[in-house]
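Here's entry23.cif, which has mmCIF, N, CA and C atoms:
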```cif
data_work
#
loop_
_atom_site.group_PDB
_atom_site.id
_atom_site.type_symbol
_atom_site.label_atom_id
_atom_site.label_comp_id
_atom_site.auth_asym_id
_atom_site.auth_seq_id
_atom_site.Cartn_x
_atom_site.Cartn_y
_atom_site.Cartn_z
ATOM 1 N N MET G 1 102.055 -102.425 -3.616
ATOM 2 C CA MET G 1 102.052 -102.110 -5.030
ATOM 3 C C MET G 1 103.120 -101.043 -5.262
ATOM 4 N N GLU G 2 104.002 -101.306 -6.176
ATOM 5 C CA GLU G 2 105.081 -100.361 -6.460
ATOM 6 C C GLU G 2 104.674 -99.282 -7.445
ATOM 7 N N ASP G 3 104.039 -99.673 -8.552
ATOM 8 C CA ASP G 3 103.663 -98.713 -9.583
ATOM 9 C C ASP G 3 102.173 -98.833 -9.881
ATOM 10 N N VAL G 4 101.448 -97.721 -9.755
ATOM 11 C CA VAL G 4 100.033 -97.684 -10.113
ATOM 12 C C VAL G 4 99.948 -97.440 -11.617
ATOM 13 N N GLU G 5 99.270 -98.344 -12.309
ATOM 14 C CA GLU G 5 99.120 -98.233 -13.762
ATOM 15 C C GLU G 5 97.828 -97.522 -14.148
ATOM 16 N N SER G 6 96.743 -97.776 -13.389
ATOM 17 C CA SER G 6 95.479 -97.104 -13.686
ATOM 18 C C SER G 6 94.571 -97.145 -12.469
ATOM 19 N N ILE G 7 93.642 -96.198 -12.458
ATOM 20 C CA ILE G 7 92.621 -96.144 -11.424
ATOM 21 C C ILE G 7 91.294 -95.969 -12.142
ATOM 22 N N GLU G 8 90.380 -96.887 -11.887
ATOM 23 C CA GLU G 8 89.075 -96.894 -12.553
ATOM 24 C C GLU G 8 87.969 -96.692 -11.526
ATOM 25 N N VAL G 9 86.958 -95.896 -11.893
ATOM 26 C CA VAL G 9 85.806 -95.635 -11.034
ATOM 27 C C VAL G 9 84.598 -96.309 -11.660
ATOM 28 N N HIS G 10 83.900 -97.137 -10.866
ATOM 29 C CA HIS G 10 82.739 -97.877 -11.358
ATOM 30 C C HIS G 10 81.543 -97.670 -10.438
ATOM 31 N N PRO G 11 80.377 -97.293 -11.001
ATOM 32 C CA PRO G 11 79.159 -97.301 -10.188
ATOM 33 C C PRO G 11 78.862 -98.739 -9.773
ATOM 34 N N PHE G 12 78.426 -98.926 -8.536
ATOM 35 C CA PHE G 12 78.112 -100.267 -8.062
ATOM 36 C C PHE G 12 77.063 -100.153 -6.966
ATOM 37 N N GLY G 13 75.893 -100.711 -7.209
ATOM 38 C CA GLY G 13 74.808 -100.614 -6.237
ATOM 39 C C GLY G 13 74.468 -99.157 -5.987
ATOM 40 N N ASP G 14 74.458 -98.763 -4.722
ATOM 41 C CA ASP G 14 74.158 -97.374 -4.378
ATOM 42 C C ASP G 14 75.429 -96.564 -4.109
ATOM 43 N N GLY G 15 76.571 -97.058 -4.559
ATOM 44 C CA GLY G 15 77.836 -96.374 -4.328
ATOM 45 C C GLY G 15 78.776 -96.494 -5.509
ATOM 46 N N LEU G 16 80.044 -96.439 -5.212
ATOM 47 C CA LEU G 16 81.104 -96.555 -6.222
ATOM 48 C C LEU G 16 82.146 -97.555 -5.748
ATOM 49 N N ILE G 17 82.805 -98.158 -6.709
ATOM 50 C CA ILE G 17 84.007 -98.943 -6.432
ATOM 51 C C ILE G 17 85.136 -98.312 -7.236
ATOM 52 N N VAL G 18 86.242 -98.072 -6.575
ATOM 53 C CA VAL G 18 87.437 -97.575 -7.250
ATOM 54 C C VAL G 18 88.448 -98.705 -7.254
ATOM 55 N N GLU G 19 88.899 -99.071 -8.445
ATOM 56 C CA GLU G 19 89.914 -100.118 -8.598
ATOM 57 C C GLU G 19 91.261 -99.474 -8.883
ATOM 58 N N ILE G 20 92.237 -99.835 -8.084
ATOM 59 C CA ILE G 20 93.609 -99.366 -8.257
ATOM 60 C C ILE G 20 94.388 -100.551 -8.813
ATOM 61 N N ILE G 21 94.905 -100.384 -10.024
ATOM 62 C CA ILE G 21 95.583 -101.484 -10.716
ATOM 63 C C ILE G 21 97.046 -101.100 -10.915
ATOM 64 N N GLY G 22 97.927 -102.012 -10.535
ATOM 65 C CA GLY G 22 99.342 -101.718 -10.666
ATOM 66 C C GLY G 22 100.184 -102.972 -10.674
ATOM 67 N N VAL G 23 101.469 -102.762 -10.451
ATOM 68 C CA VAL G 23 102.453 -103.838 -10.507
ATOM 69 C C VAL G 23 103.214 -103.839 -9.186
ATOM 70 N N ASP G 24 103.431 -105.051 -8.629
ATOM 71 C CA ASP G 24 104.191 -105.145 -7.386
ATOM 72 C C ASP G 24 105.681 -105.303 -7.681
ATOM 73 N N GLU G 25 106.455 -105.496 -6.626
ATOM 74 C CA GLU G 25 107.913 -105.578 -6.770
ATOM 75 C C GLU G 25 108.385 -106.782 -7.579
ATOM 76 N N LYS G 26 107.516 -107.793 -7.742
ATOM 77 C CA LYS G 26 107.859 -108.975 -8.542
ATOM 78 C C LYS G 26 107.337 -108.870 -9.966
ATOM 79 N N GLU G 27 106.819 -107.678 -10.323
ATOM 80 C CA GLU G 27 106.244 -107.431 -11.645
ATOM 81 C C GLU G 27 104.930 -108.178 -11.865
ATOM 82 N N ASP G 28 104.276 -108.600 -10.767
ATOM 83 C CA ASP G 28 102.962 -109.232 -10.853
ATOM 84 C C ASP G 28 101.889 -108.151 -10.782
ATOM 85 N N ILE G 29 100.777 -108.382 -11.465
ATOM 86 C CA ILE G 29 99.662 -107.450 -11.425
ATOM 87 C C ILE G 29 98.991 -107.530 -10.061
ATOM 88 N N GLU G 30 98.662 -106.358 -9.522
ATOM 89 C CA GLU G 30 97.996 -106.273 -8.229
ATOM 90 C C GLU G 30 96.796 -105.342 -8.379
ATOM 91 N N ILE G 31 95.672 -105.721 -7.790
ATOM 92 C CA ILE G 31 94.458 -104.913 -7.851
ATOM 93 C C ILE G 31 93.934 -104.701 -6.445
ATOM 94 N N GLU G 32 93.621 -103.458 -6.129
ATOM 95 C CA GLU G 32 93.023 -103.131 -4.836
ATOM 96 C C GLU G 32 91.723 -102.383 -5.112
ATOM 97 N N SER G 33 90.662 -102.745 -4.408
ATOM 98 C CA SER G 33 89.359 -102.097 -4.575
ATOM 99 C C SER G 33 88.981 -101.365 -3.302
ATOM 100 N N VAL G 34 88.391 -100.179 -3.483
ATOM 101 C CA VAL G 34 87.924 -99.380 -2.355
ATOM 102 C C VAL G 34 86.482 -98.980 -2.645
ATOM 103 N N GLU G 35 85.583 -99.158 -1.665
ATOM 104 C CA GLU G 35 84.176 -98.823 -1.841
ATOM 105 C C GLU G 35 83.869 -97.445 -1.259
ATOM 106 N N PHE G 36 82.940 -96.739 -1.920
ATOM 107 C CA PHE G 36 82.544 -95.402 -1.503
ATOM 108 C C PHE G 36 81.028 -95.278 -1.495
ATOM 109 N N ASP G 37 80.525 -94.481 -0.546
ATOM 110 C CA ASP G 37 79.119 -94.078 -0.531
ATOM 111 C C ASP G 37 79.001 -92.751 -1.254
ATOM 112 N N ILE G 38 77.872 -92.538 -1.935
ATOM 113 C CA ILE G 38 77.621 -91.285 -2.647
ATOM 114 C C ILE G 38 76.633 -90.462 -1.829
ATOM 115 N N SER G 39 76.891 -89.163 -1.724
ATOM 116 C CA SER G 39 75.993 -88.266 -0.995
ATOM 117 C C SER G 39 74.648 -88.168 -1.712
ATOM 118 N N GLU G 40 73.640 -87.664 -1.013
ATOM 119 C CA GLU G 40 72.300 -87.554 -1.595
ATOM 120 C C GLU G 40 72.283 -86.690 -2.844
ATOM 121 N N ASP G 41 73.094 -85.632 -2.875
ATOM 122 C CA ASP G 41 73.104 -84.772 -4.064
ATOM 123 C C ASP G 41 73.983 -85.321 -5.187
ATOM 124 N N GLY G 42 74.684 -86.423 -4.911
ATOM 125 C CA GLY G 42 75.471 -87.101 -5.935
ATOM 126 C C GLY G 42 76.808 -86.479 -6.264
ATOM 127 N N SER G 43 77.255 -85.495 -5.483
ATOM 128 C CA SER G 43 78.517 -84.826 -5.813
ATOM 129 C C SER G 43 79.688 -85.225 -4.926
ATOM 130 N N GLU G 44 79.394 -85.744 -3.731
ATOM 131 C CA GLU G 44 80.458 -86.099 -2.797
ATOM 132 C C GLU G 44 80.420 -87.589 -2.495
ATOM 133 N N VAL G 45 81.596 -88.137 -2.224
ATOM 134 C CA VAL G 45 81.687 -89.543 -1.845
ATOM 135 C C VAL G 45 82.497 -89.661 -0.560
ATOM 136 N N SER G 46 82.177 -90.689 0.216
ATOM 137 C CA SER G 46 82.951 -90.981 1.426
ATOM 138 C C SER G 46 83.319 -92.457 1.404
ATOM 139 N N VAL G 47 84.514 -92.738 1.860
ATOM 140 C CA VAL G 47 85.030 -94.102 1.823
ATOM 141 C C VAL G 47 84.294 -94.965 2.845
ATOM 142 N N ARG G 48 83.976 -96.205 2.464
ATOM 143 C CA ARG G 48 83.267 -97.128 3.355
ATOM 144 C C ARG G 48 84.202 -97.835 4.322
ATOM 145 N N GLY G 49 85.432 -97.975 3.962
ATOM 146 C CA GLY G 49 86.402 -98.663 4.819
ATOM 147 C C GLY G 49 87.638 -97.803 4.952
ATOM 148 N N ASP G 50 88.763 -98.368 4.571
ATOM 149 C CA ASP G 50 90.022 -97.643 4.619
ATOM 150 C C ASP G 50 90.493 -97.317 3.213
ATOM 151 N N LEU G 51 91.010 -96.113 3.055
ATOM 152 C CA LEU G 51 91.650 -95.704 1.811
ATOM 153 C C LEU G 51 93.137 -95.595 2.108
ATOM 154 N N PRO G 52 93.939 -96.522 1.554
ATOM 155 C CA PRO G 52 95.378 -96.472 1.829
ATOM 156 C C PRO G 52 95.952 -95.096 1.473
ATOM 157 N N SER G 53 96.689 -94.516 2.390
ATOM 158 C CA SER G 53 97.199 -93.155 2.212
ATOM 159 C C SER G 53 98.070 -92.999 0.968
ATOM 160 N N GLU G 54 98.762 -94.060 0.574
ATOM 161 C CA GLU G 54 99.644 -93.944 -0.598
ATOM 162 C C GLU G 54 98.874 -93.762 -1.904
ATOM 163 N N TYR G 55 97.564 -94.043 -1.899
ATOM 164 C CA TYR G 55 96.752 -93.886 -3.111
ATOM 165 C C TYR G 55 95.779 -92.716 -3.039
ATOM 166 N N LYS G 56 95.738 -92.035 -1.901
ATOM 167 C CA LYS G 56 94.699 -91.035 -1.659
ATOM 168 C C LYS G 56 94.654 -89.949 -2.733
ATOM 169 N N GLU G 57 95.776 -89.353 -3.069
ATOM 170 C CA GLU G 57 95.779 -88.265 -4.066
ATOM 171 C C GLU G 57 95.381 -88.767 -5.448
ATOM 172 N N ASP G 58 95.845 -89.952 -5.830
ATOM 173 C CA ASP G 58 95.474 -90.522 -7.132
ATOM 174 C C ASP G 58 93.981 -90.827 -7.188
ATOM 175 N N VAL G 59 93.438 -91.349 -6.090
ATOM 176 C CA VAL G 59 92.007 -91.658 -6.033
ATOM 177 C C VAL G 59 91.196 -90.371 -6.093
ATOM 178 N N LYS G 60 91.632 -89.333 -5.360
ATOM 179 C CA LYS G 60 90.949 -88.040 -5.409
ATOM 180 C C LYS G 60 90.891 -87.507 -6.845
ATOM 181 N N THR G 61 91.988 -87.624 -7.566
ATOM 182 C CA THR G 61 92.044 -87.156 -8.947
ATOM 183 C C THR G 61 91.091 -87.947 -9.830
ATOM 184 N N ALA G 62 91.069 -89.267 -9.675
ATOM 185 C CA ALA G 62 90.177 -90.111 -10.483
ATOM 186 C C ALA G 62 88.715 -89.793 -10.184
ATOM 187 N N LEU G 63 88.377 -89.599 -8.914
ATOM 188 C CA LEU G 63 87.008 -89.248 -8.543
ATOM 189 C C LEU G 63 86.628 -87.888 -9.103
ATOM 190 N N SER G 64 87.538 -86.941 -9.042
ATOM 191 C CA SER G 64 87.292 -85.600 -9.564
ATOM 192 C C SER G 64 87.004 -85.623 -11.065
ATOM 193 N N ARG G 65 87.745 -86.446 -11.801
ATOM 194 C CA ARG G 65 87.505 -86.571 -13.256
ATOM 195 C C ARG G 65 86.095 -87.074 -13.545
ATOM 196 N N GLU G 66 85.529 -87.833 -12.598
ATOM 197 C CA GLU G 66 84.189 -88.385 -12.762
ATOM 198 C C GLU G 66 83.111 -87.477 -12.161
ATOM 199 N N GLY G 67 83.513 -86.309 -11.629
ATOM 200 C CA GLY G 67 82.559 -85.358 -11.093
ATOM 201 C C GLY G 67 82.257 -85.482 -9.622
ATOM 202 N N TYR G 68 83.090 -86.207 -8.873
ATOM 203 C CA TYR G 68 82.888 -86.417 -7.440
ATOM 204 C C TYR G 68 84.003 -85.739 -6.661
ATOM 205 N N SER G 69 83.689 -85.340 -5.442
ATOM 206 C CA SER G 69 84.754 -84.895 -4.535
ATOM 207 C C SER G 69 84.730 -85.791 -3.309
ATOM 208 N N LEU G 70 85.928 -86.087 -2.821
ATOM 209 C CA LEU G 70 86.100 -86.977 -1.678
ATOM 210 C C LEU G 70 85.951 -86.197 -0.384
ATOM 211 N N VAL G 71 85.059 -86.666 0.471
ATOM 212 C CA VAL G 71 84.886 -86.070 1.788
ATOM 213 C C VAL G 71 85.929 -86.693 2.697
ATOM 214 N N ASP G 72 86.799 -85.869 3.259
ATOM 215 C CA ASP G 72 87.825 -86.384 4.182
ATOM 216 C C ASP G 72 87.169 -86.801 5.487
ATOM 217 N N THR G 73 87.496 -88.014 5.922
ATOM 218 C CA THR G 73 86.930 -88.502 7.179
ATOM 219 C C THR G 73 88.028 -88.760 8.169
#
```
Could you write out this structure as structure tokens?
Amino acid sequence: MEDVESIEVHPFGDGLIVEIIGVDEKEDIEIESVEFDISEDGSEVSVRGDLPSEYKEDVKTALSREGYSLVDT
């Protein structure tokens, strides 16, 4: 993905899904989803799989706007 257009945080089941929406080099829309677990107190989240490093700071910012902090693993 060349340009990130938006990052959305959605509650899903007992965790969160973060959708990274952008445009690739061919100007096609690209969407990447990352799943997170929520801590018992509801303030921290940890990634369930891999969080691509190129999106880490943007995802941290989006989570922070929603009241969550990312636990580095």
Just say which residues the PyMOL selection byres (((chain G and resi 51 and name CA) around 12) and name CA) picks in this file, as a list in words.
->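 Applied to this file, the PyMOL selection byres (((chain G and resi 51 and name CA) around 12) and name CA) selects Ile17, Val18, Glu19, Ile20, Glu32, Ser33, Val34, Glu35, Phe36, Ser46, Val47, Arg48, Gly49, Asp50, Pro52, Ser53, Glu54, Tyr55, Lys56, Glu57, Asp58, Val59, Lys60, Leu70, Val71, Asp72 and Thr73 of chain G.
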Using only C-alpha atoms, the residue out of G:Ser69, G:Asp41, G:Ile21, G:Ser64 with shortest distance to Glu8 (chain G) is G:Ile21
Contact residues around Gly42 (chain G) with only N, CA and C atoms at 8 Å, ignoring same-chain residues under 4 positions, as an mmCIF file with N, CA and C atoms, in the frame of the given file:
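result35.cif was written with the following content:
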```
data_model
loop_
_atom_site.group_PDB
_atom_site.id
_atom_site.type_symbol
_atom_site.label_atom_id
_atom_site.label_comp_id
_atom_site.auth_asym_id
_atom_site.auth_seq_id
_atom_site.Cartn_x
_atom_site.Cartn_y
_atom_site.Cartn_z
ATOM 1 N N ILE G 38 77.872 -92.538 -1.935
ATOM 2 C CA ILE G 38 77.621 -91.285 -2.647
ATOM 3 C C ILE G 38 76.633 -90.462 -1.829
ATOM 4 N N GLY G 67 83.513 -86.309 -11.629
ATOM 5 C CA GLY G 67 82.559 -85.358 -11.093
ATOM 6 C C GLY G 67 82.257 -85.482 -9.622
ATOM 7 N N TYR G 68 83.090 -86.207 -8.873
ATOM 8 C CA TYR G 68 82.888 -86.417 -7.440
ATOM 9 C C TYR G 68 84.003 -85.739 -6.661
ATOM 10 N N SER G 69 83.689 -85.340 -5.442
ATOM 11 C CA SER G 69 84.754 -84.895 -4.535
ATOM 12 C C SER G 69 84.730 -85.791 -3.309
#
```
Just the alpha helix (DSSP H) stuff from chain G, please, per backbone DSSP, written as a PyMOL selection string.
-> chain G and resi 56-65
File dump, residues just selected, N, CA and C atoms, as a CSV table (one decimal), keeping the file's coordinate frame:
```
chain,number,residue,atom,x,y,z
G,56,LYS,N,95.7,-92.0,-1.9
G,56,LYS,CA,94.7,-91.0,-1.7
G,56,LYS,C,94.7,-89.9,-2.7
G,57,GLU,N,95.8,-89.4,-3.1
G,57,GLU,CA,95.8,-88.3,-4.1
G,57,GLU,C,95.4,-88.8,-5.4
G,58,ASP,N,95.8,-90.0,-5.8
G,58,ASP,CA,95.5,-90.5,-7.1
G,58,ASP,C,94.0,-90.8,-7.2
G,59,VAL,N,93.4,-91.3,-6.1
G,59,VAL,CA,92.0,-91.7,-6.0
G,59,VAL,C,91.2,-90.4,-6.1
G,60,LYS,N,91.6,-89.3,-5.4
G,60,LYS,CA,90.9,-88.0,-5.4
G,60,LYS,C,90.9,-87.5,-6.8
G,61,THR,N,92.0,-87.6,-7.6
G,61,THR,CA,92.0,-87.2,-8.9
G,61,THR,C,91.1,-87.9,-9.8
G,62,ALA,N,91.1,-89.3,-9.7
G,62,ALA,CA,90.2,-90.1,-10.5
G,62,ALA,C,88.7,-89.8,-10.2
G,63,LEU,N,88.4,-89.6,-8.9
G,63,LEU,CA,87.0,-89.2,-8.5
G,63,LEU,C,86.6,-87.9,-9.1
G,64,SER,N,87.5,-86.9,-9.0
G,64,SER,CA,87.3,-85.6,-9.6
G,64,SER,C,87.0,-85.6,-11.1
G,65,ARG,N,87.7,-86.4,-11.8
G,65,ARG,CA,87.5,-86.6,-13.3
G,65,ARG,C,86.1,-87.1,-13.5
```
CA of Glu2 (chain G) to CA of Val23 (chain G): how many Å, to one decimal?
->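 One can read the CA of Glu2 (chain G) to CA of Val23 (chain G) distance as 5.9 Å.
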Å distance separating CA of Glu27 (chain G) from CA of Ile7 (chain G), one decimal place =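 Computing the Euclidean distance for CA of Glu27 (chain G) and CA of Ile7 (chain G) yields 17.7 Å.
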Just asking: which residues within chain G are strand (DSSP E or B) according to DSSP, as a PyMOL selection string?
-> chain G and resi 3-12+15-23+29-38+44-47+69-70
Tell me, as a list in words, which residues lie within 6 Å of Asp24 (chain G), counting all atoms listed in the file; anything in the same chain fewer than 2 positions away does not count.
->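 Once the nearby chain positions are removed, what remains is Met1, Glu2, Asp3, Gly22, Lys26, Glu27, Asp28, Ile29 and Glu30 of chain G.
Nearest to Leu16 (chain G) of all the residues G:Val45, G:Glu40, G:Val4, G:Glu66 is G:Val45, counting all atoms listed in the file.
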Find the distance between atom C of Ser39 (chain G) and CA of Glu5 (chain G) and write it in Å to one decimal.
->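 CA of Glu5 (chain G) lies at a distance of 29.1 Å from atom C of Ser39 (chain G).
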